[in-house]
Amino acid sequence: MSSSNYYDVTTWPTGDPSEDVGEVINSIIADIKERQNASDVNDGGKPGAVIYLPPGDYRLRTQVLIDISFLRIQGSGHGFTSSSIRFNVPEDEWPDLHELWPGGSRVLVDLPELPGNGADPAKGAAFLVERTGSPRISSVEFANFCIDGLHFAPDGSELPAENTYVNGKTGIHVSSANDSFRVNEMGFIYLEHALTIHNADALSIHNNFIAECGSCIELRGWGQASKITDNLIGAGFKGHSIYAENHGGLLVTANNVFPRGASSVFFSGVTRSSITNNRLHSFYPGMVVLERNSSENLVATNHFLRDHEPWTPFLGIDNGLDDLHGVLSVSGSNNSVIGNHFSQIIDSEHIRPEGATPVTIRLREGAGNFVSNNHVVARNVHATSSDDCFEGQVDALLATDAAEALAVTAVLVDPESTRNTILDSGSEAQVLADRAANAIRATPTTHGEA
């Protein structure tokens, strides 16, 4: 039996989805609101609807405004493929490439030109979710399609335009308080902001491919009891891969975070949350940051890899932090940092400031943090680069035969951080802290080790 609450953008009579799928979807939402206009009919009344995008390219020239609950927009394929690799291949080689653009059910964000570089993300959003009043908008879902920002724009630097991560475009922007949203199996690419959500409750961001965007996941305002799980993520050097502020009960688990983002996970004023079982890779310090009194969080059983950019187009670019900042930086109290593996595979000639000893875990402010059973592997390598992104990065990941160990500070405790407990996370020489203000048990060393 067919349902009047299932819509296919290719069969809807208003608009042309290939030319402006935004107009089509807005028309469908208007139809849903017109038909489902009673709030209580036989213990129901507003079941919402599904809007389906079959595989194909759909240009979006009109912003989609979602102001109804129980709406699912779905496609049949997240369609991700690297636009960055293509744009950094000489143009005379493009005819030999199997494909040039992302595919699947693909929305091409072609909104009017935007200023970018700090512009209001809501104005440049392909999908804007916004509704005032009570109750909060609930159960809006995005599933299994690709949102493609198409191109980046010049930013006044010497970088080629396609490498700036700036274009003023946002994939999905949720500006209103919301409950039980889901973003699953999506693809996001070449957007200045992929996914920005304000005031989330019970949000699920799961099994998405979000890469080559200025910032990937941004949880703004405040929120609670949400999760970011099983995603493949990689932001640009100006933005965050995963950012959250003023959240409680946030679960960040089993994500594979690619390098080049200014941070892998950045918590600002986040409490009683978890960063666990993630694989985190970065070309810069400041991979995981807990700031603004982020307290009572668990950072456990993650794999951190800090190494160097191997791809020629991005050589010389960093996030502005030096190697004293720490791979993990903590400003807050009563956090637990347990059982993490840190690999610092860096070229001593590139350490900044010159001659410094790189820091792995840095406790900056707060009290009562518990740091236990973390393993730090540090190797001095001769950094190399390649014009082939895939080959260069895989070669760097697989290389484990570095000639010599690299001296690092495993744990650095600033004077503003006190009453911490640090157990088996570095040798006596590798833990720099006031022994009178902190409880410390060094990792035992074998003969000849520092």
# chains A, B, ... in the order shown; residues from 1 in each chain; ligands from 1

$ residues_around --residues "A:Tyr165" --least-positions-apart "6" --cutoff "9 Å" --atoms "only C-alpha atoms" --output "NGL selection string"
:A and (117 or 151-153 or 155 or 190-192 or 212-215 or 235-239)

$ select_by_dssp --residues "stretch 208-240 of chain A" --states "strand (DSSP E or B)" --output "ChimeraX atom specification"
/A:209-213,215-224,227-229,232-235,240

$ closest_residue --among "A:Leu406, A:Ala38, A:Val413, A:Val257" --to "A:His303" --atoms "only C-alpha atoms"
A:Val257

$ closest_residue --among "A:Phe314, A:Phe266, A:Tyr284, A:Tyr7" --to "A:Ala49" --atoms "only C-alpha atoms"
A:Tyr7

$ residues_around --residues "A:Gly366" --least-positions-apart "6" --cutoff "10 Å" --atoms "only C-alpha atoms" --output "list in words"
Arg292, Asn293, Ser294, Ser295, Val330, Ser331, Gly332, Ser333, Asn334, Asn335, Asp414, Pro415, Glu416, Ser417, Thr418, Arg419 and Asn420 of chain A

$ atom_distance --atom1 "atom CA of A:Cys216" --atom2 "atom CA of A:Gly149"
12.8 Å

$ atom_distance --atom1 "atom CA of A:Leu423" --atom2 "atom CA of A:Thr229"
29.0 Å

$ atom_distance --atom1 "atom CA of A:Trp222" --atom2 "atom CA of A:Ile197"
9.5 Å

$ residues_around --residues "A:Val9" --least-positions-apart "2" --cutoff "9 Å" --atoms "only C-alpha atoms" --output "number ranges by chain"
A: 7, 11-13, 16-17, 21, 24-25, 28, 51-54

$ closest_residue --among "A:Tyr243, A:Phe267, A:Phe258, A:Phe181" --to "A:Ala225" --atoms "only C-alpha atoms"
A:Phe181

$ select_by_dssp --residues "stretch 15-82 of chain A" --states "helix (DSSP H, G or I)" --output "VMD selection string"
chain A and resid 17 to 35

$ residues_around --residues "stretch 315-321 of chain A" --least-positions-apart "2" --cutoff "9 Å" --atoms "only C-alpha atoms" --output "PDB file with N, CA and C atoms, in the first residue's frame"
ATOM      1  N   PHE A 237      42.758  22.556   8.203  1.00  0.00           N
ATOM      2  CA  PHE A 237      43.691  23.075   9.200  1.00  0.00           C
ATOM      3  C   PHE A 237      43.161  24.289   9.955  1.00  0.00           C
ATOM      4  N   LYS A 238      42.072  24.900   9.487  1.00  0.00           N
ATOM      5  CA  LYS A 238      41.513  26.064  10.178  1.00  0.00           C
ATOM      6  C   LYS A 238      40.411  25.692  11.161  1.00  0.00           C
ATOM      7  N   GLY A 239      39.946  24.445  11.124  1.00  0.00           N
ATOM      8  CA  GLY A 239      38.761  24.095  11.894  1.00  0.00           C
ATOM      9  C   GLY A 239      38.928  22.841  12.717  1.00  0.00           C
ATOM     10  N   ARG A 260      44.939  16.748   9.570  1.00  0.00           N
ATOM     11  CA  ARG A 260      44.873  18.069   8.973  1.00  0.00           C
ATOM     12  C   ARG A 260      43.911  18.995   9.698  1.00  0.00           C
ATOM     13  N   GLY A 261      42.989  18.497  10.506  1.00  0.00           N
ATOM     14  CA  GLY A 261      42.175  19.389  11.327  1.00  0.00           C
ATOM     15  C   GLY A 261      43.025  20.075  12.385  1.00  0.00           C
ATOM     16  N   ALA A 262      42.668  21.307  12.740  1.00  0.00           N
ATOM     17  CA  ALA A 262      43.393  22.010  13.802  1.00  0.00           C
ATOM     18  C   ALA A 262      43.312  21.244  15.112  1.00  0.00           C
ATOM     19  N   SER A 263      42.244  20.479  15.308  1.00  0.00           N
ATOM     20  CA  SER A 263      42.133  19.580  16.450  1.00  0.00           C
ATOM     21  C   SER A 263      41.338  18.360  16.023  1.00  0.00           C
ATOM     22  N   PHE A 283      48.637  16.076  12.246  1.00  0.00           N
ATOM     23  CA  PHE A 283      49.946  16.578  11.856  1.00  0.00           C
ATOM     24  C   PHE A 283      50.446  17.670  12.805  1.00  0.00           C
ATOM     25  N   TYR A 284      49.687  18.001  13.836  1.00  0.00           N
ATOM     26  CA  TYR A 284      50.046  19.107  14.721  1.00  0.00           C
ATOM     27  C   TYR A 284      49.795  18.727  16.181  1.00  0.00           C
ATOM     28  N   PRO A 285      50.387  19.479  17.127  1.00  0.00           N
ATOM     29  CA  PRO A 285      49.997  19.334  18.529  1.00  0.00           C
ATOM     30  C   PRO A 285      48.547  19.796  18.721  1.00  0.00           C
ATOM     31  N   GLY A 286      48.047  19.666  19.956  1.00  0.00           N
ATOM     32  CA  GLY A 286      46.676  20.086  20.244  1.00  0.00           C
ATOM     33  C   GLY A 286      45.646  19.166  19.622  1.00  0.00           C
ATOM     34  N   HIS A 308      53.981  13.980  10.690  1.00  0.00           N
ATOM     35  CA  HIS A 308      54.139  15.147   9.826  1.00  0.00           C
ATOM     36  C   HIS A 308      53.313  15.024   8.549  1.00  0.00           C
ATOM     37  N   GLU A 309      52.918  16.157   8.023  1.00  0.00           N
ATOM     38  CA  GLU A 309      52.222  16.230   6.733  1.00  0.00           C
ATOM     39  C   GLU A 309      53.112  15.644   5.629  1.00  0.00           C
ATOM     40  N   PRO A 310      52.636  14.589   4.929  1.00  0.00           N
ATOM     41  CA  PRO A 310      53.461  14.006   3.868  1.00  0.00           C
ATOM     42  C   PRO A 310      53.076  14.435   2.454  1.00  0.00           C
ATOM     43  N   TRP A 311      51.985  15.238   2.332  1.00  0.00           N
ATOM     44  CA  TRP A 311      51.466  15.547   0.994  1.00  0.00           C
ATOM     45  C   TRP A 311      51.936  16.934   0.581  1.00  0.00           C
ATOM     46  N   THR A 312      52.573  17.018  -0.561  1.00  0.00           N
ATOM     47  CA  THR A 312      53.236  18.238  -1.016  1.00  0.00           C
ATOM     48  C   THR A 312      52.361  19.486  -0.997  1.00  0.00           C
ATOM     49  N   PRO A 313      51.088  19.456  -1.446  1.00  0.00           N
ATOM     50  CA  PRO A 313      50.313  20.706  -1.507  1.00  0.00           C
ATOM     51  C   PRO A 313      50.100  21.388  -0.158  1.00  0.00           C
ATOM     52  N   ASP A 323      55.214  22.606  19.905  1.00  0.00           N
ATOM     53  CA  ASP A 323      55.262  21.257  20.473  1.00  0.00           C
ATOM     54  C   ASP A 323      55.241  21.234  21.992  1.00  0.00           C
ATOM     55  N   LEU A 324      55.248  22.389  22.629  1.00  0.00           N
ATOM     56  CA  LEU A 324      55.068  22.458  24.073  1.00  0.00           C
ATOM     57  C   LEU A 324      53.600  22.474  24.481  1.00  0.00           C
ATOM     58  N   HIS A 325      52.722  22.635  23.497  1.00  0.00           N
ATOM     59  CA  HIS A 325      51.293  22.731  23.805  1.00  0.00           C
ATOM     60  C   HIS A 325      50.745  21.427  24.363  1.00  0.00           C
ATOM     61  N   ARG A 352      59.115  22.738  17.230  1.00  0.00           N
ATOM     62  CA  ARG A 352      59.004  24.169  17.529  1.00  0.00           C
ATOM     63  C   ARG A 352      58.515  24.355  18.967  1.00  0.00           C
ATOM     64  N   SER A 385      58.038  13.790   1.850  1.00  0.00           N
ATOM     65  CA  SER A 385      56.768  14.200   1.256  1.00  0.00           C
ATOM     66  C   SER A 385      56.601  13.535  -0.102  1.00  0.00           C
TER      67      SER A 385
END

$ residues_around --residues "A:Glu19" --least-positions-apart "3" --cutoff "12 Å" --atoms "only C-alpha atoms" --output "NGL selection string"
:A and (9-10 or 14-16 or 22-24 or 56-62 or 107-111)

$ write_last_selection --atoms "N, CA and C atoms" --output "short mmCIF file (atom, residue, chain, number, x, y, z; two decimals), in the first residue's frame"
data_model
loop_
_atom_site.label_atom_id
_atom_site.label_comp_id
_atom_site.auth_asym_id
_atom_site.auth_seq_id
_atom_site.Cartn_x
_atom_site.Cartn_y
_atom_site.Cartn_z
N VAL A 9 11.56 13.10 -4.65
CA VAL A 9 11.77 14.44 -5.23
C VAL A 9 11.68 14.40 -6.76
N THR A 10 11.93 13.24 -7.35
CA THR A 10 11.92 13.16 -8.82
C THR A 10 10.51 13.04 -9.38
N THR A 14 6.05 19.96 -8.26
CA THR A 14 6.53 21.34 -8.17
C THR A 14 8.05 21.38 -8.27
N GLY A 15 8.56 22.16 -9.22
CA GLY A 15 9.99 22.37 -9.35
C GLY A 15 10.70 21.25 -10.07
N ASP A 16 11.96 21.49 -10.35
CA ASP A 16 12.83 20.53 -11.02
C ASP A 16 13.98 20.20 -10.07
N GLY A 22 16.21 22.35 -3.52
CA GLY A 22 15.73 23.11 -2.38
C GLY A 22 14.30 23.56 -2.56
N GLU A 23 13.97 24.08 -3.74
CA GLU A 23 12.59 24.49 -4.03
C GLU A 23 11.65 23.30 -3.91
N VAL A 24 12.07 22.14 -4.40
CA VAL A 24 11.23 20.94 -4.37
C VAL A 24 10.97 20.50 -2.93
N GLY A 56 21.63 10.34 -7.84
CA GLY A 56 21.66 11.36 -8.89
C GLY A 56 22.17 12.66 -8.32
N ASP A 57 22.36 13.63 -9.20
CA ASP A 57 22.84 14.95 -8.80
C ASP A 57 21.68 15.92 -8.71
N TYR A 58 21.60 16.64 -7.57
CA TYR A 58 20.51 17.58 -7.33
C TYR A 58 21.12 18.92 -6.90
N ARG A 59 21.06 19.89 -7.78
CA ARG A 59 21.59 21.21 -7.46
C ARG A 59 20.64 21.90 -6.48
N LEU A 60 21.22 22.56 -5.46
CA LEU A 60 20.42 23.25 -4.46
C LEU A 60 20.72 24.74 -4.53
N ARG A 61 19.73 25.49 -5.03
CA ARG A 61 19.88 26.94 -5.16
C ARG A 61 19.02 27.71 -4.16
N THR A 62 18.14 26.99 -3.46
CA THR A 62 17.28 27.59 -2.45
C THR A 62 17.48 26.84 -1.14
N VAL A 107 23.62 16.18 -3.24
CA VAL A 107 23.09 17.54 -3.24
C VAL A 107 24.26 18.49 -3.48
N LEU A 108 24.19 19.25 -4.53
CA LEU A 108 25.23 20.20 -4.90
C LEU A 108 24.85 21.58 -4.36
N VAL A 109 25.56 22.04 -3.35
CA VAL A 109 25.21 23.30 -2.71
C VAL A 109 25.65 24.44 -3.61
N ASP A 110 24.68 25.10 -4.24
CA ASP A 110 24.95 26.15 -5.22
C ASP A 110 24.16 27.40 -4.84
N LEU A 111 24.23 27.74 -3.55
CA LEU A 111 23.55 28.94 -3.07
C LEU A 111 24.25 30.18 -3.60
#

$ decode --residues "stretch 56-92 of chain A" --atoms "N, CA and C atoms" --output "tab-separated table (two decimals), in the first residue's frame"
chain	number	residue	atom	x	y	z
A	56	GLY	N	21.63	10.34	-7.84
A	56	GLY	CA	21.66	11.36	-8.89
A	56	GLY	C	22.17	12.66	-8.32
A	57	ASP	N	22.36	13.63	-9.20
A	57	ASP	CA	22.84	14.95	-8.80
A	57	ASP	C	21.68	15.92	-8.71
A	58	TYR	N	21.60	16.64	-7.57
A	58	TYR	CA	20.51	17.58	-7.33
A	58	TYR	C	21.12	18.92	-6.90
A	59	ARG	N	21.06	19.89	-7.78
A	59	ARG	CA	21.59	21.21	-7.46
A	59	ARG	C	20.64	21.90	-6.48
A	60	LEU	N	21.22	22.56	-5.46
A	60	LEU	CA	20.42	23.25	-4.46
A	60	LEU	C	20.72	24.74	-4.53
A	61	ARG	N	19.73	25.49	-5.03
A	61	ARG	CA	19.88	26.94	-5.16
A	61	ARG	C	19.02	27.71	-4.16
A	62	THR	N	18.14	26.99	-3.46
A	62	THR	CA	17.28	27.59	-2.45
A	62	THR	C	17.48	26.84	-1.14
A	63	GLN	N	17.75	27.56	-0.06
A	63	GLN	CA	17.94	26.92	1.23
A	63	GLN	C	16.68	26.15	1.64
A	64	VAL	N	16.86	24.94	2.15
A	64	VAL	CA	15.76	24.16	2.69
A	64	VAL	C	15.54	24.56	4.14
A	65	LEU	N	14.30	24.93	4.49
A	65	LEU	CA	13.94	25.26	5.86
A	65	LEU	C	13.08	24.13	6.43
A	66	ILE	N	13.61	23.51	7.46
A	66	ILE	CA	12.87	22.42	8.12
A	66	ILE	C	12.33	22.94	9.44
A	67	ASP	N	11.02	22.96	9.57
A	67	ASP	CA	10.37	23.44	10.79
A	67	ASP	C	9.27	22.50	11.24
A	68	ILE	N	9.41	21.21	10.90
A	68	ILE	CA	8.47	20.18	11.35
A	68	ILE	C	9.26	19.03	11.96
A	69	SER	N	8.64	18.35	12.90
A	69	SER	CA	9.25	17.17	13.50
A	69	SER	C	8.96	15.93	12.65
A	70	PHE	N	9.64	14.87	12.98
A	70	PHE	CA	9.40	13.54	12.40
A	70	PHE	C	9.60	13.53	10.88
A	71	LEU	N	10.62	14.24	10.44
A	71	LEU	CA	10.93	14.27	9.01
A	71	LEU	C	12.24	13.55	8.77
A	72	ARG	N	12.23	12.64	7.80
A	72	ARG	CA	13.44	11.93	7.41
A	72	ARG	C	13.74	12.25	5.94
A	73	ILE	N	14.92	12.78	5.69
A	73	ILE	CA	15.37	13.00	4.32
A	73	ILE	C	16.46	11.98	4.05
A	74	GLN	N	16.24	11.13	3.05
A	74	GLN	CA	17.14	10.01	2.84
A	74	GLN	C	17.46	9.82	1.37
A	75	GLY	N	18.63	9.22	1.14
A	75	GLY	CA	19.04	8.89	-0.21
A	75	GLY	C	19.44	7.44	-0.30
A	76	SER	N	20.23	7.12	-1.32
A	76	SER	CA	20.70	5.76	-1.53
A	76	SER	C	22.19	5.75	-1.86
A	77	GLY	N	22.97	6.38	-0.97
A	77	GLY	CA	24.42	6.37	-1.15
A	77	GLY	C	25.05	7.67	-0.73
A	78	HIS	N	26.06	7.60	0.17
A	78	HIS	CA	26.70	8.83	0.67
A	78	HIS	C	27.66	9.41	-0.36
A	79	GLY	N	28.10	8.65	-1.34
A	79	GLY	CA	28.75	9.18	-2.52
A	79	GLY	C	30.09	9.86	-2.35
A	80	PHE	N	30.76	9.67	-1.20
A	80	PHE	CA	32.00	10.42	-0.98
A	80	PHE	C	33.13	9.93	-1.88
A	81	THR	N	33.85	10.86	-2.47
A	81	THR	CA	35.16	10.60	-3.06
A	81	THR	C	35.97	11.87	-2.90
A	82	SER	N	37.27	11.76	-2.83
A	82	SER	CA	38.11	12.91	-2.49
A	82	SER	C	38.13	13.95	-3.60
A	83	SER	N	37.55	15.11	-3.32
A	83	SER	CA	37.69	16.25	-4.24
A	83	SER	C	39.05	16.90	-4.09
A	84	SER	N	39.63	16.85	-2.88
A	84	SER	CA	40.94	17.47	-2.67
A	84	SER	C	42.00	16.81	-3.52
A	85	ILE	N	41.98	15.49	-3.60
A	85	ILE	CA	42.95	14.80	-4.43
A	85	ILE	C	42.77	15.22	-5.89
A	86	ARG	N	41.52	15.25	-6.35
A	86	ARG	CA	41.28	15.61	-7.75
A	86	ARG	C	41.76	17.02	-8.05
A	87	PHE	N	41.43	17.98	-7.16
A	87	PHE	CA	41.80	19.37	-7.43
A	87	PHE	C	43.31	19.60	-7.35
A	88	ASN	N	44.04	18.66	-6.74
A	88	ASN	CA	45.49	18.78	-6.68
A	88	ASN	C	46.21	17.88	-7.67
A	89	VAL	N	45.45	17.26	-8.55
A	89	VAL	CA	46.01	16.54	-9.70
A	89	VAL	C	46.06	17.52	-10.87
A	90	PRO	N	47.14	17.56	-11.62
A	90	PRO	CA	47.20	18.47	-12.77
A	90	PRO	C	45.98	18.30	-13.67
A	91	GLU	N	45.44	19.43	-14.11
A	91	GLU	CA	44.18	19.39	-14.86
A	91	GLU	C	44.29	18.58	-16.14
A	92	ASP	N	45.48	18.50	-16.73
A	92	ASP	CA	45.60	17.73	-17.96
A	92	ASP	C	45.50	16.22	-17.71
